[in-house]
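Colleague: Below is the structure I would like to discuss, written out as structure tokens.
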Amino acid sequence: MGYLRYVAVGDSQTEGLNDGDETAGYRGWADRLAETLAARERGFRYANLAVRGRLTARIRAEQTAPALALEPDLVTVMAGMNDLVRPGFDADATAADLEAMLAAFTASGATVVTFTFPDIARIAPLVGRLRPRVLDLNDRVRAMARLHGAVVVDTFPHPVTTDPRLWSADRIHATPLGHTRIAAAVAHTLGVPGGDASWSDPLPPLAPVPPWRRAAAELTWATAFLGPWLLRRLRGRSSGDGRTAKRPRLEPVRPARP
């Protein structure tokens with residue numbers, strides 16, 4: 001099935017952080033997916049309403065109505081991780097907001113794609129205690145998708161999704177390779193011609209890392225990223241403060257870059 005009007009909603013991952021930079025702009029998996037779809041359909045247009053740092057409730061409040069107003073035939077919804085990592089995480093409230101978006105978008109007649117999250121304990125061992133939250137939220141995502149007829153890109157079962165080469169130094173945002181894999185996963189799940197399951201293929205093995213070096217890497221990560229993140233939370237600040245969507249209107253897509 002061809003798509004002509006694709007709208008992406010979500011947070012920093014969908015905005016495309018760390019696939020590009022603040023000067024040149026961010027590309028990200030949603031842009032990469034749009035490039036793939038645009039190559040197949042004349043007249044294809046794409047909007048990206050995602051804003052970094054947004055919690056699921058705010059994504060629902062700020063992005064649902066504008067997305068519906070664009071009358072998309074394809075919507076991707078990636079949300080929940082910013083909620084999950086917070087101390088006061090309310091799984092019921094987060095799931096309710098996510099389900100409300102899936103229900104609204106599927107009711108409009110659009111094909112809706114959502115996601116499970118990979119194993120956070122393997123990506124960032126220092127926050128491994130959050131793994132039960134990931135498992136629970138993933139189960140809820142699968143259930144709500146079945147109920148509303150949404151499509152799920154189920155990342156959790158695939159070991160490659162926790163490969164460090166797919167994640168930036170902050171262990172929050174994907175690398176360009178990670179964004180490429182996510183885009184390929186969506187294309188495969190949607191049955192886009194040319195897509196296949198190779199997105200889940202493992203990368204070549206990494207050289208063994210001595211325990212002392214792993215411990216040093218954890219300390220560096222905690223100092224450079226975890227500490228500043230906690231400080232922003234204590235101050236009530238977000239990386240998305242004052243920011244708006246990078247692509248709020250449906251527009252044609254430029255040819256894919258290498």
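Each chain of the structure tokens is named A, B, ... in the order shown, its residues numbered from 1; ligands are numbered from 1 in display order.
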Just the residues within 10 Å of range 49-52 of chain A, please, counting only C-alpha atoms, with nothing from its chain fewer than 5 positions along; format it as number ranges by chain.

Modeller: A: 7-17, 30, 58-59, 62-64, 66-67, 77-79, 82, 238-249

Colleague: Excluding same-chain residues fewer than 5 positions from Arg32 in chain A, what lies within 8 Å of it counting only C-alpha atoms, as a PyMOL selection string?

Modeller: chain A and resi 27+179-180+183+256

Colleague: Emit the selected residues as a PDB file, in the first residue's frame, including N, CA, C and O atoms.

Modeller:
ATOM      1  N   ARG A  27      18.299  14.703  11.059  1.00  0.00           N
ATOM      2  CA  ARG A  27      17.629  13.861  10.071  1.00  0.00           C
ATOM      3  C   ARG A  27      16.747  12.851  10.810  1.00  0.00           C
ATOM      4  O   ARG A  27      15.549  13.042  10.927  1.00  0.00           O
ATOM      5  N   HIS A 179      19.415   5.155  13.785  1.00  0.00           N
ATOM      6  CA  HIS A 179      18.257   5.731  13.100  1.00  0.00           C
ATOM      7  C   HIS A 179      17.983   5.006  11.780  1.00  0.00           C
ATOM      8  O   HIS A 179      16.828   4.800  11.399  1.00  0.00           O
ATOM      9  N   THR A 180      19.055   4.607  11.089  1.00  0.00           N
ATOM     10  CA  THR A 180      18.893   3.868   9.839  1.00  0.00           C
ATOM     11  C   THR A 180      18.195   2.538  10.095  1.00  0.00           C
ATOM     12  O   THR A 180      17.291   2.128   9.339  1.00  0.00           O
ATOM     13  N   ALA A 183      14.417   3.124  10.879  1.00  0.00           N
ATOM     14  CA  ALA A 183      13.676   3.398   9.642  1.00  0.00           C
ATOM     15  C   ALA A 183      13.455   2.117   8.845  1.00  0.00           C
ATOM     16  O   ALA A 183      12.357   1.872   8.313  1.00  0.00           O
ATOM     17  N   ALA A 256      16.736  10.985  -0.995  1.00  0.00           N
ATOM     18  CA  ALA A 256      17.490  10.419   0.119  1.00  0.00           C
ATOM     19  C   ALA A 256      18.970  10.717  -0.036  1.00  0.00           C
ATOM     20  O   ALA A 256      19.534  10.663  -1.118  1.00  0.00           O
TER      21      ALA A 256
END

Colleague: Just want the 12 Å neighbourhood of Asp92 in chain A, counted on only C-alpha atoms, with same-chain residues fewer than 2 positions away dropped. Output as number ranges by chain.

Modeller: A: 56-57, 80, 83-84, 88-90, 94-99, 133, 136-137, 140-141

Colleague: Okay, now the selection with all heavy atoms, as a tab-separated table (two decimals), in the first residue's frame?

Modeller:
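Heads up, here's the output in out_13.tsv:
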chain	number	residue	atom	x	y	z
A	56	THR	N	4.59	11.90	27.38
A	56	THR	CA	3.49	11.39	26.56
A	56	THR	C	2.25	12.25	26.67
A	56	THR	O	1.55	12.49	25.67
A	56	THR	CB	3.18	9.94	26.97
A	56	THR	OG1	4.37	9.17	26.87
A	56	THR	CG2	2.13	9.33	26.05
A	57	ALA	N	1.93	12.74	27.87
A	57	ALA	CA	0.74	13.58	28.03
A	57	ALA	C	0.83	14.84	27.19
A	57	ALA	O	-0.16	15.28	26.58
A	57	ALA	CB	0.54	13.94	29.50
A	80	GLY	N	6.84	7.64	25.39
A	80	GLY	CA	6.82	6.89	26.64
A	80	GLY	C	8.14	6.78	27.36
A	80	GLY	O	8.17	6.66	28.59
A	83	ASP	N	8.84	9.43	29.98
A	83	ASP	CA	8.05	9.20	31.20
A	83	ASP	C	8.68	8.09	32.03
A	83	ASP	O	8.84	8.20	33.25
A	83	ASP	CB	6.62	8.78	30.83
A	83	ASP	CG	5.92	9.76	29.94
A	83	ASP	OD1	6.18	9.76	28.72
A	83	ASP	OD2	5.10	10.55	30.44
A	84	LEU	N	9.04	7.01	31.35
A	84	LEU	CA	9.50	5.80	32.02
A	84	LEU	C	10.73	6.03	32.89
A	84	LEU	O	10.87	5.41	33.95
A	84	LEU	CB	9.77	4.74	30.95
A	84	LEU	CG	10.10	3.33	31.38
A	84	LEU	CD1	9.58	2.34	30.35
A	84	LEU	CD2	11.62	3.14	31.53
A	88	GLY	N	8.82	9.57	39.25
A	88	GLY	CA	7.39	9.50	39.51
A	88	GLY	C	6.58	8.88	38.40
A	88	GLY	O	5.40	9.19	38.23
A	89	PHE	N	7.18	7.98	37.64
A	89	PHE	CA	6.53	7.37	36.49
A	89	PHE	C	5.18	6.75	36.85
A	89	PHE	O	5.08	5.95	37.78
A	89	PHE	CB	7.45	6.30	35.90
A	89	PHE	CG	6.84	5.50	34.79
A	89	PHE	CD1	6.36	6.11	33.65
A	89	PHE	CD2	6.79	4.10	34.87
A	89	PHE	CE1	5.81	5.36	32.61
A	89	PHE	CE2	6.26	3.35	33.85
A	89	PHE	CZ	5.77	3.97	32.71
A	90	ASP	N	4.15	7.13	36.11
A	90	ASP	CA	2.80	6.58	36.28
A	90	ASP	C	2.48	5.76	35.04
A	90	ASP	O	2.12	6.30	34.00
A	90	ASP	CB	1.79	7.72	36.46
A	90	ASP	CG	0.38	7.23	36.77
A	90	ASP	OD1	0.04	6.10	36.36
A	90	ASP	OD2	-0.38	7.98	37.39
A	94	THR	N	0.59	7.05	31.55
A	94	THR	CA	1.35	7.06	30.30
A	94	THR	C	0.68	6.17	29.25
A	94	THR	O	0.52	6.56	28.09
A	94	THR	CB	2.79	6.59	30.55
A	94	THR	OG1	3.43	7.50	31.46
A	94	THR	CG2	3.58	6.54	29.26
A	95	ALA	N	0.28	4.97	29.66
A	95	ALA	CA	-0.37	4.06	28.73
A	95	ALA	C	-1.69	4.63	28.24
A	95	ALA	O	-2.05	4.48	27.06
A	95	ALA	CB	-0.59	2.70	29.40
A	96	ALA	N	-2.43	5.30	29.13
A	96	ALA	CA	-3.71	5.88	28.72
A	96	ALA	C	-3.52	6.97	27.68
A	96	ALA	O	-4.29	7.05	26.70
A	96	ALA	CB	-4.44	6.44	29.94
A	97	ASP	N	-2.50	7.80	27.86
A	97	ASP	CA	-2.25	8.86	26.87
A	97	ASP	C	-1.81	8.26	25.54
A	97	ASP	O	-2.23	8.71	24.47
A	97	ASP	CB	-1.18	9.82	27.40
A	97	ASP	CG	-1.71	10.74	28.47
A	97	ASP	OD1	-2.85	11.23	28.34
A	97	ASP	OD2	-0.97	10.99	29.44
A	98	LEU	N	-0.95	7.26	25.59
A	98	LEU	CA	-0.50	6.62	24.35
A	98	LEU	C	-1.66	5.93	23.65
A	98	LEU	O	-1.83	6.07	22.43
A	98	LEU	CB	0.61	5.61	24.68
A	98	LEU	CG	1.23	4.87	23.50
A	98	LEU	CD1	1.75	5.83	22.44
A	98	LEU	CD2	2.36	3.97	23.99
A	99	GLU	N	-2.49	5.23	24.42
A	99	GLU	CA	-3.63	4.55	23.80
A	99	GLU	C	-4.62	5.54	23.18
A	99	GLU	O	-5.19	5.27	22.12
A	99	GLU	CB	-4.35	3.67	24.82
A	99	GLU	CG	-5.48	2.88	24.20
A	99	GLU	CD	-6.05	1.82	25.12
A	99	GLU	OE1	-5.63	1.74	26.29
A	99	GLU	OE2	-6.93	1.07	24.66
A	133	ARG	N	9.87	-1.80	34.21
A	133	ARG	CA	8.99	-0.79	33.62
A	133	ARG	C	8.92	-0.95	32.10
A	133	ARG	O	7.85	-0.81	31.50
A	133	ARG	CB	9.48	0.62	33.96
A	133	ARG	CG	9.43	0.99	35.43
A	133	ARG	CD	9.85	2.45	35.60
A	133	ARG	NE	9.84	2.87	37.00
A	133	ARG	CZ	10.12	4.10	37.43
A	133	ARG	NH1	10.43	5.03	36.52
A	133	ARG	NH2	10.09	4.40	38.70
A	136	ASP	N	6.80	-3.99	31.23
A	136	ASP	CA	5.38	-3.71	31.44
A	136	ASP	C	4.82	-2.79	30.36
A	136	ASP	O	3.75	-3.05	29.79
A	136	ASP	CB	5.17	-3.10	32.82
A	136	ASP	CG	3.73	-2.68	33.05
A	136	ASP	OD1	2.83	-3.56	33.05
A	136	ASP	OD2	3.48	-1.47	33.24
A	137	LEU	N	5.54	-1.71	30.06
A	137	LEU	CA	5.05	-0.78	29.04
A	137	LEU	C	4.99	-1.45	27.68
A	137	LEU	O	4.04	-1.24	26.91
A	137	LEU	CB	5.94	0.47	28.99
A	137	LEU	CG	5.47	1.58	28.02
A	137	LEU	CD1	4.06	2.04	28.37
A	137	LEU	CD2	6.44	2.76	28.05
A	140	ARG	N	1.90	-3.43	27.43
A	140	ARG	CA	0.74	-2.56	27.25
A	140	ARG	C	0.66	-2.05	25.81
A	140	ARG	O	-0.44	-1.95	25.23
A	140	ARG	CB	0.83	-1.37	28.22
A	140	ARG	CG	0.67	-1.74	29.69
A	140	ARG	CD	0.99	-0.54	30.57
A	140	ARG	NE	0.98	-0.80	31.98
A	140	ARG	CZ	0.04	-0.37	32.84
A	140	ARG	NH1	-0.99	0.33	32.38
A	140	ARG	NH2	0.11	-0.63	34.12
A	141	VAL	N	1.80	-1.71	25.24
A	141	VAL	CA	1.83	-1.23	23.85
A	141	VAL	C	1.30	-2.30	22.91
A	141	VAL	O	0.48	-2.04	22.02
A	141	VAL	CB	3.25	-0.80	23.45
A	141	VAL	CG1	3.35	-0.60	21.94
A	141	VAL	CG2	3.63	0.49	24.18

Colleague: Which of range 18-96 of chain A end up as strand (DSSP E) when DSSP is run on this backbone - answer as a list in words?

Modeller: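 These are the residues in question: Gly20, Asp21, Gly25, Tyr26, Arg45, Tyr46, Ala47, Asn48, Leu74, Val75, Thr76, Val77 and Met78 of chain A.
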
Colleague: Would you mind exporting all heavy atoms of the selected residues as a CSV table (one decimal), in the first residue's frame?

Modeller:
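again-v2.csv, written as the output of this step:
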chain,number,residue,atom,x,y,z
A,20,GLY,N,22.8,14.0,12.9
A,20,GLY,CA,23.0,15.4,12.4
A,20,GLY,C,23.4,16.3,13.6
A,20,GLY,O,23.8,15.8,14.6
A,21,ASP,N,23.2,17.6,13.5
A,21,ASP,CA,23.5,18.5,14.6
A,21,ASP,C,22.6,19.7,14.6
A,21,ASP,O,21.8,19.9,13.7
A,21,ASP,CB,25.0,18.8,14.6
A,21,ASP,CG,25.4,19.4,13.3
A,21,ASP,OD1,24.7,20.3,12.7
A,21,ASP,OD2,26.5,19.1,12.8
A,25,GLY,N,21.0,20.6,11.2
A,25,GLY,CA,19.7,20.1,11.4
A,25,GLY,C,19.8,18.6,11.6
A,25,GLY,O,20.8,17.9,11.3
A,26,TYR,N,18.7,18.0,12.1
A,26,TYR,CA,18.7,16.6,12.4
A,26,TYR,C,17.8,15.9,11.4
A,26,TYR,O,16.8,16.4,10.9
A,26,TYR,CB,18.0,16.4,13.8
A,26,TYR,CG,18.9,16.9,14.9
A,26,TYR,CD1,18.6,18.1,15.6
A,26,TYR,CD2,20.1,16.2,15.3
A,26,TYR,CE1,19.4,18.6,16.6
A,26,TYR,CE2,20.9,16.7,16.3
A,26,TYR,CZ,20.6,17.9,17.0
A,26,TYR,OH,21.4,18.4,17.9
A,45,ARG,N,4.1,13.5,0.8
A,45,ARG,CA,4.5,14.7,1.6
A,45,ARG,C,4.6,14.2,3.1
A,45,ARG,O,4.0,13.2,3.5
A,45,ARG,CB,3.4,15.8,1.5
A,45,ARG,CG,3.4,16.5,0.2
A,45,ARG,CD,2.5,17.7,0.2
A,45,ARG,NE,1.1,17.2,0.3
A,45,ARG,CZ,0.1,18.1,0.5
A,45,ARG,NH1,0.3,19.3,0.8
A,45,ARG,NH2,-1.2,17.6,0.6
A,46,TYR,N,5.3,14.9,3.9
A,46,TYR,CA,5.7,14.5,5.2
A,46,TYR,C,5.8,15.6,6.2
A,46,TYR,O,6.3,16.7,5.8
A,46,TYR,CB,7.1,13.8,5.1
A,46,TYR,CG,7.9,13.6,6.3
A,46,TYR,CD1,7.5,13.0,7.4
A,46,TYR,CD2,9.2,14.2,6.4
A,46,TYR,CE1,8.3,12.8,8.6
A,46,TYR,CE2,10.0,14.0,7.5
A,46,TYR,CZ,9.6,13.4,8.6
A,46,TYR,OH,10.3,13.2,9.7
A,47,ALA,N,5.3,15.4,7.4
A,47,ALA,CA,5.4,16.4,8.5
A,47,ALA,C,5.9,15.7,9.7
A,47,ALA,O,5.6,14.5,9.9
A,47,ALA,CB,4.0,17.0,8.8
A,48,ASN,N,6.7,16.4,10.5
A,48,ASN,CA,7.3,15.8,11.7
A,48,ASN,C,7.0,16.8,12.9
A,48,ASN,O,7.6,17.9,12.9
A,48,ASN,CB,8.8,15.6,11.6
A,48,ASN,CG,9.4,14.8,12.7
A,48,ASN,OD1,9.0,15.0,13.9
A,48,ASN,ND2,10.3,13.9,12.4
A,74,LEU,N,-0.7,7.9,7.0
A,74,LEU,CA,0.3,7.1,7.8
A,74,LEU,C,0.7,8.0,9.0
A,74,LEU,O,1.1,9.2,8.8
A,74,LEU,CB,1.5,6.7,7.0
A,74,LEU,CG,2.7,6.1,7.7
A,74,LEU,CD1,2.3,4.7,8.3
A,74,LEU,CD2,3.9,5.9,6.8
A,75,VAL,N,0.7,7.4,10.2
A,75,VAL,CA,1.1,8.1,11.4
A,75,VAL,C,2.1,7.2,12.2
A,75,VAL,O,1.8,6.0,12.4
A,75,VAL,CB,0.0,8.5,12.3
A,75,VAL,CG1,0.5,9.3,13.6
A,75,VAL,CG2,-1.0,9.4,11.6
A,76,THR,N,3.2,7.7,12.6
A,76,THR,CA,4.0,7.0,13.6
A,76,THR,C,4.0,7.7,14.9
A,76,THR,O,4.0,8.9,15.0
A,76,THR,CB,5.5,6.9,13.1
A,76,THR,OG1,6.0,8.2,12.8
A,76,THR,CG2,5.6,6.0,11.8
A,77,VAL,N,3.9,6.8,16.0
A,77,VAL,CA,3.8,7.3,17.3
A,77,VAL,C,4.9,6.7,18.2
A,77,VAL,O,4.8,5.5,18.5
A,77,VAL,CB,2.4,7.1,18.0
A,77,VAL,CG1,2.3,7.7,19.4
A,77,VAL,CG2,1.3,7.6,17.1
A,78,MET,N,5.9,7.4,18.6
A,78,MET,CA,6.9,6.9,19.5
A,78,MET,C,6.9,7.8,20.7
A,78,MET,O,7.3,8.9,20.6
A,78,MET,CB,8.3,6.9,18.8
A,78,MET,CG,9.4,6.3,19.7
A,78,MET,SD,11.1,6.4,19.0
A,78,MET,CE,11.0,5.0,17.8

Colleague: Determine which residues of range 37-198 of chain A DSSP labels as alpha helix (DSSP H) from the backbone of this structure, then write them out as JSON, numbers by chain.

Modeller: {"A": [37, 38, 56, 57, 58, 59, 60, 61, 62, 63, 64, 65, 66, 67, 68, 69, 81, 82, 83, 84, 91, 92, 93, 94, 95, 96, 97, 98, 99, 100, 101, 102, 103, 104, 105, 106, 107, 120, 121, 122, 123, 131, 132, 133, 134, 135, 136, 137, 138, 139, 140, 141, 142, 143, 144, 145, 146, 147, 148, 176, 177, 178, 179, 180, 181, 182, 183, 184, 185, 186, 187, 188, 189, 190]}

Colleague: Emit the selected residues as a compact mmCIF listing (two decimals), in the first residue's frame, including C-alpha atoms.

Modeller:
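The file below, selection.txt, is the result:
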# COMPACT_ATOMS: atom_id res chain seq x y z
CA LEU A 37 8.44 6.28 0.96
CA ALA A 38 8.89 9.40 -1.20
CA THR A 56 3.49 11.39 26.56
CA ALA A 57 0.74 13.58 28.03
CA ARG A 58 2.19 16.65 26.36
CA ILE A 59 2.69 14.82 23.07
CA ARG A 60 -0.98 13.86 23.18
CA ALA A 61 -2.07 17.40 24.10
CA GLU A 62 0.12 19.25 21.59
CA GLN A 63 0.51 16.91 18.64
CA THR A 64 -2.67 14.84 18.25
CA ALA A 65 -5.00 17.53 16.95
CA PRO A 66 -2.44 19.12 14.59
CA ALA A 67 -1.59 15.67 13.23
CA LEU A 68 -5.23 14.82 12.60
CA ALA A 69 -5.76 18.19 10.91
CA MET A 81 10.55 6.64 27.32
CA ASN A 82 10.80 10.15 28.75
CA ASP A 83 8.05 9.20 31.20
CA LEU A 84 9.50 5.80 32.02
CA ALA A 91 2.46 3.58 33.98
CA ASP A 92 -1.34 3.78 33.87
CA ALA A 93 -1.38 7.45 32.91
CA THR A 94 1.35 7.06 30.30
CA ALA A 95 -0.37 4.06 28.73
CA ALA A 96 -3.71 5.88 28.72
CA ASP A 97 -2.25 8.86 26.87
CA LEU A 98 -0.50 6.62 24.35
CA GLU A 99 -3.63 4.55 23.80
CA ALA A 100 -5.72 7.68 23.29
CA MET A 101 -3.41 8.72 20.47
CA LEU A 102 -3.50 5.30 18.83
CA ALA A 103 -7.29 5.26 19.08
CA ALA A 104 -7.65 8.74 17.58
CA PHE A 105 -5.28 8.09 14.70
CA THR A 106 -6.63 4.66 13.78
CA ALA A 107 -10.21 6.01 13.97
CA ILE A 120 17.36 -0.51 28.80
CA ALA A 121 19.40 -2.65 31.21
CA ARG A 122 21.70 -3.69 28.38
CA ILE A 123 22.04 -0.18 26.99
CA ARG A 131 13.85 -2.91 33.10
CA PRO A 132 10.55 -4.08 34.69
CA ARG A 133 8.99 -0.79 33.62
CA VAL A 134 10.11 -1.40 30.05
CA LEU A 135 8.71 -4.92 30.05
CA ASP A 136 5.38 -3.71 31.44
CA LEU A 137 5.05 -0.78 29.04
CA ASN A 138 5.96 -2.98 26.09
CA ASP A 139 3.21 -5.43 27.04
CA ARG A 140 0.74 -2.56 27.25
CA VAL A 141 1.83 -1.23 23.85
CA ARG A 142 1.31 -4.63 22.22
CA ALA A 143 -2.13 -4.98 23.81
CA MET A 144 -3.37 -1.51 22.86
CA ALA A 145 -2.06 -1.93 19.32
CA ARG A 146 -4.02 -5.18 18.94
CA LEU A 147 -7.13 -3.51 20.34
CA HIS A 148 -7.01 -0.53 17.98
CA PRO A 176 22.95 7.58 12.49
CA LEU A 177 23.30 3.80 12.18
CA GLY A 178 20.64 3.35 14.85
CA HIS A 179 18.26 5.73 13.10
CA THR A 180 18.89 3.87 9.84
CA ARG A 181 17.97 0.58 11.50
CA ILE A 182 14.77 2.02 13.01
CA ALA A 183 13.68 3.40 9.64
CA ALA A 184 14.36 0.02 8.03
CA ALA A 185 12.41 -1.73 10.79
CA VAL A 186 9.36 0.43 10.13
CA ALA A 187 9.60 -0.09 6.37
CA HIS A 188 9.84 -3.85 6.85
CA THR A 189 6.94 -3.92 9.32
CA LEU A 190 4.79 -1.93 6.89

Colleague: Given only C-alpha atoms as the basis, pick out the residue of A:Val85, A:Leu203, A:Val127, A:Val253 nearest to Glu35 in chain A.

Modeller: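 Closest to Glu35 in chain A, using only C-alpha atoms: A:Val253.
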
Colleague: With only C-alpha atoms as the basis for distance, which of A:Ala217, A:Val192, A:Leu130, A:Leu250 is at the shortest distance from Pro164 in chain A?

Modeller: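 Nearest to Pro164 in chain A: A:Ala217.
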
Colleague: Of the candidates A:Val112, A:Leu4, A:Ala215, A:Leu55, which one gets nearest to Thr36 in chain A if we count only C-alpha atoms?

Modeller: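 Among the listed residues, the smallest separation from Thr36 in chain A belongs to A:Leu4.
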
Colleague: To one decimal place in Å, what is the distance between CA of Ala110 in chain A and CA of Glu71 in chain A?

Modeller: 8.2 Å

Colleague: Of the residues A:Ala124, A:Leu70, A:Leu219, A:Ala174, which is the one nearest to Trp29 in chain A, using only C-alpha atoms?

Modeller: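 Checking each candidate against Trp29 in chain A, we get A:Ala174 as the closest.
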
Colleague: Quick one: distance from CA of Glu251 in chain A to CA of Val151 in chain A in Å, one decimal?

Modeller: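 So the two atoms, CA of Glu251 in chain A and CA of Val151 in chain A, lie 24.2 Å apart.
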
Colleague: Fewer than 3 positions away in the same chain doesn't count, so skip those; otherwise give me all residues within 7 Å of Val160 in chain A, counting only C-alpha atoms, as a list in words.

Modeller: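 Surrounding residues, per the criterion: Asp163, Ser200, Asp201 and Pro202 of chain A.
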
Colleague: Could you take the residues named above and write them with C-alpha atoms, as a compact mmCIF listing (two decimals), in the first residue's frame?

Modeller:
# COMPACT_ATOMS: atom_id res chain seq x y z
CA ASP A 163 24.27 -2.89 20.46
CA SER A 200 17.55 -6.92 12.93
CA ASP A 201 20.76 -8.63 11.80
CA PRO A 202 23.56 -8.52 14.37
